[in-house]
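Novice: Input structure: entry-v5.cif, which contains mmCIF, C-alpha atoms.
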```
data_target
loop_
_atom_site.label_atom_id
_atom_site.label_comp_id
_atom_site.auth_asym_id
_atom_site.auth_seq_id
_atom_site.Cartn_x
_atom_site.Cartn_y
_atom_site.Cartn_z
CA MET A 1 203.27 28.05 95.02
CA VAL A 2 205.87 29.56 92.85
CA GLY A 3 204.67 29.87 89.51
CA SER A 4 200.92 29.90 90.37
CA THR A 5 199.02 32.51 88.74
CA ARG A 6 196.34 34.62 90.49
CA PRO A 7 193.14 35.14 88.57
CA PRO A 8 192.66 38.68 87.68
CA PHE A 9 189.77 40.62 89.29
CA PRO A 10 187.12 41.94 86.96
CA SER A 11 187.46 45.56 86.33
CA ALA A 12 184.70 47.80 87.81
CA PRO A 13 182.79 49.91 85.43
CA SER A 14 183.88 53.45 85.13
CA GLU A 15 182.06 56.22 87.07
CA PRO A 16 180.78 58.14 84.08
CA SER A 17 178.92 55.15 82.78
CA LEU A 18 177.23 54.63 86.18
CA ARG A 19 175.99 58.24 86.21
CA ARG A 20 174.47 57.96 82.79
CA LEU A 21 172.65 54.77 83.67
CA GLY A 22 171.28 56.14 86.95
CA THR A 23 170.16 59.41 85.47
CA GLY A 24 168.33 57.81 82.60
CA SER A 25 166.31 55.40 84.70
CA ALA A 26 165.18 58.11 87.23
CA SER A 27 163.92 60.59 84.60
CA SER A 28 161.86 57.96 82.77
CA GLY A 29 160.09 57.02 86.00
CA ASP A 30 159.15 60.64 86.96
CA ARG A 31 157.25 61.47 83.79
CA PRO A 32 154.15 59.25 84.43
CA ILE A 33 153.96 60.50 88.01
CA ARG A 34 153.85 64.16 86.90
CA ALA A 35 151.08 63.48 84.35
CA GLN A 36 149.00 61.75 87.01
CA LEU A 37 149.47 64.69 89.37
CA VAL A 38 148.25 67.17 86.71
CA VAL A 39 145.16 65.07 85.91
CA ALA A 40 144.35 64.71 89.60
CA LEU A 41 144.71 68.45 90.16
CA VAL A 42 142.36 69.28 87.26
CA ALA A 43 139.80 66.78 88.51
CA LEU A 44 139.98 68.29 92.01
CA ILE A 45 139.39 71.79 90.63
CA ILE A 46 136.36 70.58 88.65
CA LEU A 47 134.93 68.80 91.70
CA LEU A 48 135.25 71.99 93.74
CA ALA A 49 134.04 74.40 91.05
CA VAL A 50 130.80 72.61 90.07
CA PRO A 51 129.24 72.55 93.59
CA LEU A 52 130.29 76.17 94.16
CA TYR A 53 128.60 77.24 90.91
CA LEU A 54 125.41 75.35 91.69
CA TRP A 55 125.32 76.87 95.15
CA ARG A 56 126.05 80.45 94.14
CA ARG A 57 124.23 80.69 90.80
CA PRO A 58 121.42 83.39 90.64
CA THR A 59 117.80 82.23 90.69
CA ALA A 60 114.81 83.65 88.79
CA ARG A 61 113.35 85.13 91.99
CA ALA A 62 116.60 86.90 92.78
CA ILE A 63 116.80 88.26 89.23
CA GLY A 64 113.23 89.59 89.48
CA SER A 65 113.85 91.23 92.84
CA ASP A 66 117.05 92.80 91.58
CA ALA A 67 115.24 94.14 88.54
CA GLY A 68 112.49 95.59 90.74
CA VAL A 69 115.01 97.26 93.03
CA SER A 70 116.92 98.71 90.11
CA SER A 71 113.78 100.03 88.42
CA ALA A 72 112.54 101.56 91.67
CA SER A 73 115.88 103.19 92.38
CA SER A 74 116.23 104.55 88.85
CA PRO A 75 114.76 108.08 88.56
CA LEU A 76 114.01 107.52 84.87
CA LEU A 77 111.95 104.34 85.36
CA ALA A 78 110.18 105.23 88.60
CA THR A 79 106.52 106.29 88.28
CA THR A 80 104.41 108.15 90.81
CA ALA A 81 100.78 107.15 91.37
CA LEU A 82 98.56 110.16 90.76
CA PRO A 83 95.05 110.58 92.13
CA PRO A 84 92.19 109.96 89.68
CA VAL A 85 90.67 112.95 87.96
CA ALA A 86 86.92 113.42 88.23
CA LEU A 87 85.29 113.95 84.85
CA ALA A 88 81.64 114.20 84.02
CA VAL A 89 80.19 111.37 82.00
CA PRO A 90 78.89 112.24 78.52
CA PHE A 91 75.64 114.14 78.20
CA ARG A 92 72.42 112.28 77.54
CA VAL A 93 68.99 113.31 76.41
CA GLU A 94 66.45 113.61 79.21
CA PRO A 95 63.36 111.70 78.06
CA VAL A 96 60.87 113.04 80.65
CA ARG A 97 60.80 116.13 82.87
CA ALA A 98 58.22 115.60 85.61
CA SER A 99 56.99 118.36 87.89
CA PRO A 100 56.47 117.76 91.63
CA LEU A 101 53.35 115.77 92.43
CA GLN A 102 50.26 117.71 93.52
CA ARG A 103 47.52 116.46 95.88
CA PHE A 104 44.82 118.81 94.67
CA ARG A 105 41.56 117.08 95.65
CA CYS A 106 40.41 114.68 98.36
CA GLY A 107 37.19 113.90 100.20
CA ALA A 108 34.64 111.33 101.18
CA SER A 109 33.85 110.60 97.50
CA ARG A 110 34.56 111.96 94.05
CA ALA A 111 31.51 114.19 94.16
CA LYS A 112 32.38 115.54 97.62
CA ALA A 113 36.11 115.96 96.99
CA THR A 114 37.43 119.51 97.33
CA ALA A 115 40.75 121.32 97.02
CA SER A 116 40.09 123.48 100.10
CA VAL A 117 41.27 120.86 102.60
CA PRO A 118 44.87 119.62 102.86
CA CYS A 119 45.21 116.06 101.63
CA ASP A 120 47.39 113.59 103.47
CA ALA A 121 50.19 111.80 101.61
CA LEU A 122 50.01 108.32 100.11
CA PRO A 123 53.77 107.62 99.83
CA ALA A 124 53.71 104.18 98.20
CA LEU A 125 51.09 105.10 95.60
CA GLU A 126 52.62 108.49 94.85
CA ARG A 127 56.07 106.98 94.33
CA ALA A 128 54.68 104.31 92.01
CA PHE A 129 52.80 106.97 90.03
CA VAL A 130 55.84 109.21 89.48
CA GLU A 131 58.13 106.28 88.62
CA ALA A 132 55.62 104.96 86.10
CA ILE A 133 55.68 108.31 84.27
CA GLN A 134 59.48 108.64 84.32
CA LYS A 135 60.17 105.05 83.23
CA THR A 136 57.76 105.01 80.29
CA PRO A 137 58.81 107.82 77.90
CA ASP A 138 57.56 105.75 74.99
CA CYS A 139 54.01 106.22 76.23
CA ALA A 140 54.05 109.85 75.00
CA PRO A 141 52.94 110.75 71.46
CA LYS A 142 55.67 110.60 68.81
CA THR A 143 55.88 114.17 67.54
CA ALA A 144 58.73 116.39 66.38
CA LYS A 145 57.86 119.21 68.79
CA GLU A 146 58.09 119.30 72.54
CA GLY A 147 54.84 118.73 74.43
CA SER A 148 53.41 117.98 77.85
CA ILE A 149 50.66 115.89 79.41
CA ASN A 150 48.99 116.50 82.76
CA TYR A 151 48.63 113.00 84.24
CA VAL A 152 45.83 112.76 86.80
CA LEU A 153 45.55 109.74 89.08
CA GLU A 154 42.25 109.08 90.86
CA VAL A 155 42.18 106.56 93.69
CA ASP A 156 38.97 105.34 95.32
CA PHE A 157 39.50 103.35 98.51
CA VAL A 158 35.83 102.40 98.70
CA LYS A 159 35.84 100.84 95.23
CA LYS A 160 39.52 99.86 95.60
CA SER A 161 40.34 101.20 92.16
CA ILE A 162 42.72 103.62 90.46
CA HIS A 163 42.31 105.49 87.19
CA VAL A 164 44.78 107.63 85.19
CA PHE A 165 43.54 110.14 82.60
CA PRO A 166 44.74 113.44 81.02
CA GLY A 167 43.82 116.64 82.84
CA GLN A 168 42.80 119.95 81.29
CA SER A 169 46.32 121.35 81.53
CA GLY A 170 49.05 120.24 79.18
CA ASP A 171 49.82 120.61 75.47
CA TRP A 172 48.51 117.27 74.23
CA HIS A 173 44.85 116.27 74.35
CA GLY A 174 42.59 113.86 72.54
CA PRO A 175 43.22 110.21 71.64
CA SER A 176 47.04 110.48 71.77
CA SER A 177 47.03 111.78 75.35
CA ARG A 178 44.47 109.18 76.43
CA ARG A 179 46.66 106.42 75.02
CA ALA A 180 49.59 107.83 76.98
CA THR A 181 47.65 107.89 80.26
CA LYS A 182 46.43 104.32 79.76
CA CYS A 183 50.04 103.28 79.18
CA VAL A 184 51.09 104.91 82.45
CA GLU A 185 48.14 103.32 84.28
CA ARG A 186 49.35 99.89 83.19
CA ALA A 187 52.83 100.77 84.45
CA VAL A 188 51.46 101.70 87.88
CA GLY A 189 49.86 98.27 88.13
CA LYS A 190 47.53 97.28 90.95
CA PRO A 191 48.84 98.65 94.24
CA ASP A 192 47.71 97.16 97.54
CA LEU A 193 45.22 99.85 98.59
CA ALA A 194 44.05 97.86 101.63
CA SER A 195 47.43 98.21 103.30
CA MET A 196 47.65 102.01 102.81
CA THR A 197 46.82 104.42 105.60
CA HIS A 198 44.52 107.25 104.45
CA ASN A 199 42.24 109.90 105.89
CA TYR A 200 39.83 110.16 102.96
CA ALA A 201 38.11 107.72 100.64
CA TYR A 202 38.92 109.62 97.42
CA TYR A 203 42.13 111.31 96.19
CA ALA A 204 43.14 113.04 92.97
CA LEU A 205 46.87 113.41 92.28
CA ALA A 206 48.46 115.19 89.33
CA VAL A 207 51.94 115.26 87.68
CA MET A 208 52.82 117.47 84.70
CA ALA A 209 55.26 115.65 82.38
CA ALA A 210 57.10 117.37 79.50
CA TYR A 211 58.67 115.47 76.60
CA PRO A 212 61.44 116.92 74.38
CA GLY A 213 60.07 115.66 71.08
CA ALA A 214 61.90 113.91 68.26
CA GLY A 215 63.55 117.04 66.85
CA ALA A 216 64.28 118.91 70.08
CA VAL A 217 67.76 119.10 71.56
CA ASN A 218 67.34 118.86 75.31
CA ILE A 219 70.34 117.59 77.21
CA ILE A 220 71.26 117.42 80.86
CA ALA A 221 74.39 116.26 82.65
CA PRO A 222 73.85 113.32 84.99
CA SER A 223 75.74 112.98 88.24
CA ALA A 224 79.47 113.03 87.62
CA SER A 225 81.41 109.84 88.21
CA THR A 226 85.09 109.46 89.00
CA ILE A 227 87.08 108.25 86.02
CA SER A 228 90.82 107.47 86.18
CA VAL A 229 92.69 109.11 83.31
CA ALA A 230 96.34 109.38 82.35
CA PRO A 231 98.36 112.04 84.22
CA THR A 232 99.00 113.90 80.97
CA LEU A 233 95.29 114.52 80.47
CA SER A 234 93.62 117.47 82.11
CA PRO A 235 89.92 117.58 83.00
CA VAL A 236 87.93 119.55 80.49
CA PRO A 237 85.21 121.60 82.16
CA SER A 238 81.87 120.72 80.69
CA ALA A 239 78.79 122.85 80.74
CA THR A 240 76.06 121.36 82.88
CA PRO A 241 72.89 123.28 82.14
CA GLU A 242 70.28 122.79 84.78
CA PRO A 243 67.17 121.07 83.48
CA THR A 244 64.20 123.35 83.28
CA SER A 245 61.20 121.84 84.91
CA ALA A 246 57.82 122.12 83.26
CA PRO A 247 55.54 124.77 84.71
CA VAL A 248 53.35 123.45 87.46
CA VAL A 249 49.76 124.20 86.58
CA ALA A 250 47.10 123.12 88.99
CA PRO A 251 44.16 121.46 87.24
CA THR A 252 41.10 123.63 87.25
CA GLY A 253 37.73 122.18 87.96
CA VAL A 254 36.99 118.49 87.54
CA PRO A 255 39.47 116.73 85.21
CA ASN A 256 38.18 115.56 81.88
CA HIS A 257 37.89 111.81 81.35
#
```
Take the structure I supplied and represent it as structure tokens, if you would.

Specialist:
Amino acid sequence: MVGSTRPPFPSAPSEPSLRRLGTGSASSGDRPIRAQLVVALVALIILLAVPLYLWRRPTARAIGSDAGVSSASSPLLATTALPPVALAVPFRVEPVRASPLQRFRCGASRAKATASVPCDALPALERAFVEAIQKTPDCAPKTAKEGSINYVLEVDFVKKSIHVFPGQSGDWHGPSSRRATKCVERAVGKPDLASMTHNYAYYALAVMAAYPGAGAVNIIAPSASTISVAPTLSPVPSATPEPTSAPVVAPTGVPNH
């Protein structure tokens, strides 16, 4: 055993070298893990932010309601509804001025008719007679001066006939007035005399109609209508002259045909 040699043990690496090796391997393994954590955190934020935005974003209805509330609450944008102002419509020319209807003769016949007895009313026929005069201003003669015609309506329940002709009163006579009365007679038409209640067989009714003429200025104001105007406008008072009715002249004697 003397003289045998013992194999030497391998020397252990020094401590500083071990520290450098351990430190280097740990730091290189942490870097990928940190990058993955950052990417995962960003993705999580995006996943949370997008649903929150879609849930809380304003809609068009909400924007409109907010705008309405803001405009109503603002004293500069708020408007107050004002009541409409009544203004008279523009003037127009009155084509015909008709006097009240007169029942001046009635009786058992035309020859026996008299103005001394009160005549009963014929409402349907009288209304048709007055409306025919008022709705046919073109029947009157075309002259530059104002004139009038005394329209006389004869009704005979025995013969079941009506006849319109110019009376003695009035400014216009002759062919022009006869043409006007024939025009009005056509406008009256053929009323149903059989259905009318009457006390006499013959009646004579008269209406004096005045026409302004082509050169006359004769205006009246019709019934005022309510017109809505801007609040800054003020109603302008307009003169409304009352229409002068033609003088009522009772026909004298038997009307001329």

Novice: Using all atoms listed in the file, which of the listed residues (A:Gly170, A:Ala124, A:Ser176, A:Ala210) sits closest to Pro137 in chain A?

Specialist: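 The closest residue to Pro137 in chain A is A:Ala210.
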
Novice: Would you compute the distance between CA of Gly167 in chain A and CA of Arg110 in chain A? Give it in Å to one decimal.

Specialist: 15.3 Å

Novice: Where does the PyMOL selection byres ((chain A and resi 146-151) around 6) land in this file, that is, which residues does it pick, as a ChimeraX atom specification?

Specialist: /A:145,152,166-167,169-172,206-213

Novice: Using only C-alpha atoms, can you tell me which of A:Pro141, A:Pro95, A:Pro100, A:Pro123 comes closest to Thr181 in chain A?

Specialist: A:Pro141

Novice: To one decimal place, how far is CA of Ala214 in chain A from CA of Val96 in chain A in Å?

Specialist: 12.5 Å

Novice: Measure the distance from CA of Pro118 in chain A to CA of Gly189 in chain A in Å and round it to one decimal.

Specialist: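 Calculated distance between CA of Pro118 in chain A and CA of Gly189 in chain A is 26.4 Å.
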
Novice: Would you write out, as a PyMOL selection string, every residue that the PyMOL selection byres ((chain A and resi 193) around 12) captures in this file?

Specialist: chain A and resi 122-126+155-162+189-192+194-198+201-202

Novice: Could you pull the residues within 8 Å of Cys119 in chain A, counting all atoms listed in the file, minus those fewer than 3 positions along the same chain, as an mmCIF file with C-alpha atoms, in the frame of the given file?

Specialist:
```cif
data_model
loop_
_atom_site.group_PDB
_atom_site.id
_atom_site.type_symbol
_atom_site.label_atom_id
_atom_site.label_comp_id
_atom_site.auth_asym_id
_atom_site.auth_seq_id
_atom_site.Cartn_x
_atom_site.Cartn_y
_atom_site.Cartn_z
ATOM 1 C CA ARG A 103 47.520 116.460 95.880
ATOM 2 C CA PHE A 104 44.820 118.810 94.670
ATOM 3 C CA ARG A 105 41.560 117.080 95.650
ATOM 4 C CA CYS A 106 40.410 114.680 98.360
ATOM 5 C CA TYR A 203 42.130 111.310 96.190
#
```

Novice: The PyMOL selection byres ((chain A and resi 153) around 6) on the file shown: which residues, as a list in words?

Specialist: Val152, Glu154, His163, Val164, Ala204 and Leu205 of chain A

Novice: With distances taken over all atoms listed in the file, which of A:Lys142, A:Thr136, A:Trp55, A:Gln168 is nearest to Cys183 in chain A?

Specialist: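 Ranked by minimum distance to Cys183 in chain A, first place goes to A:Thr136.
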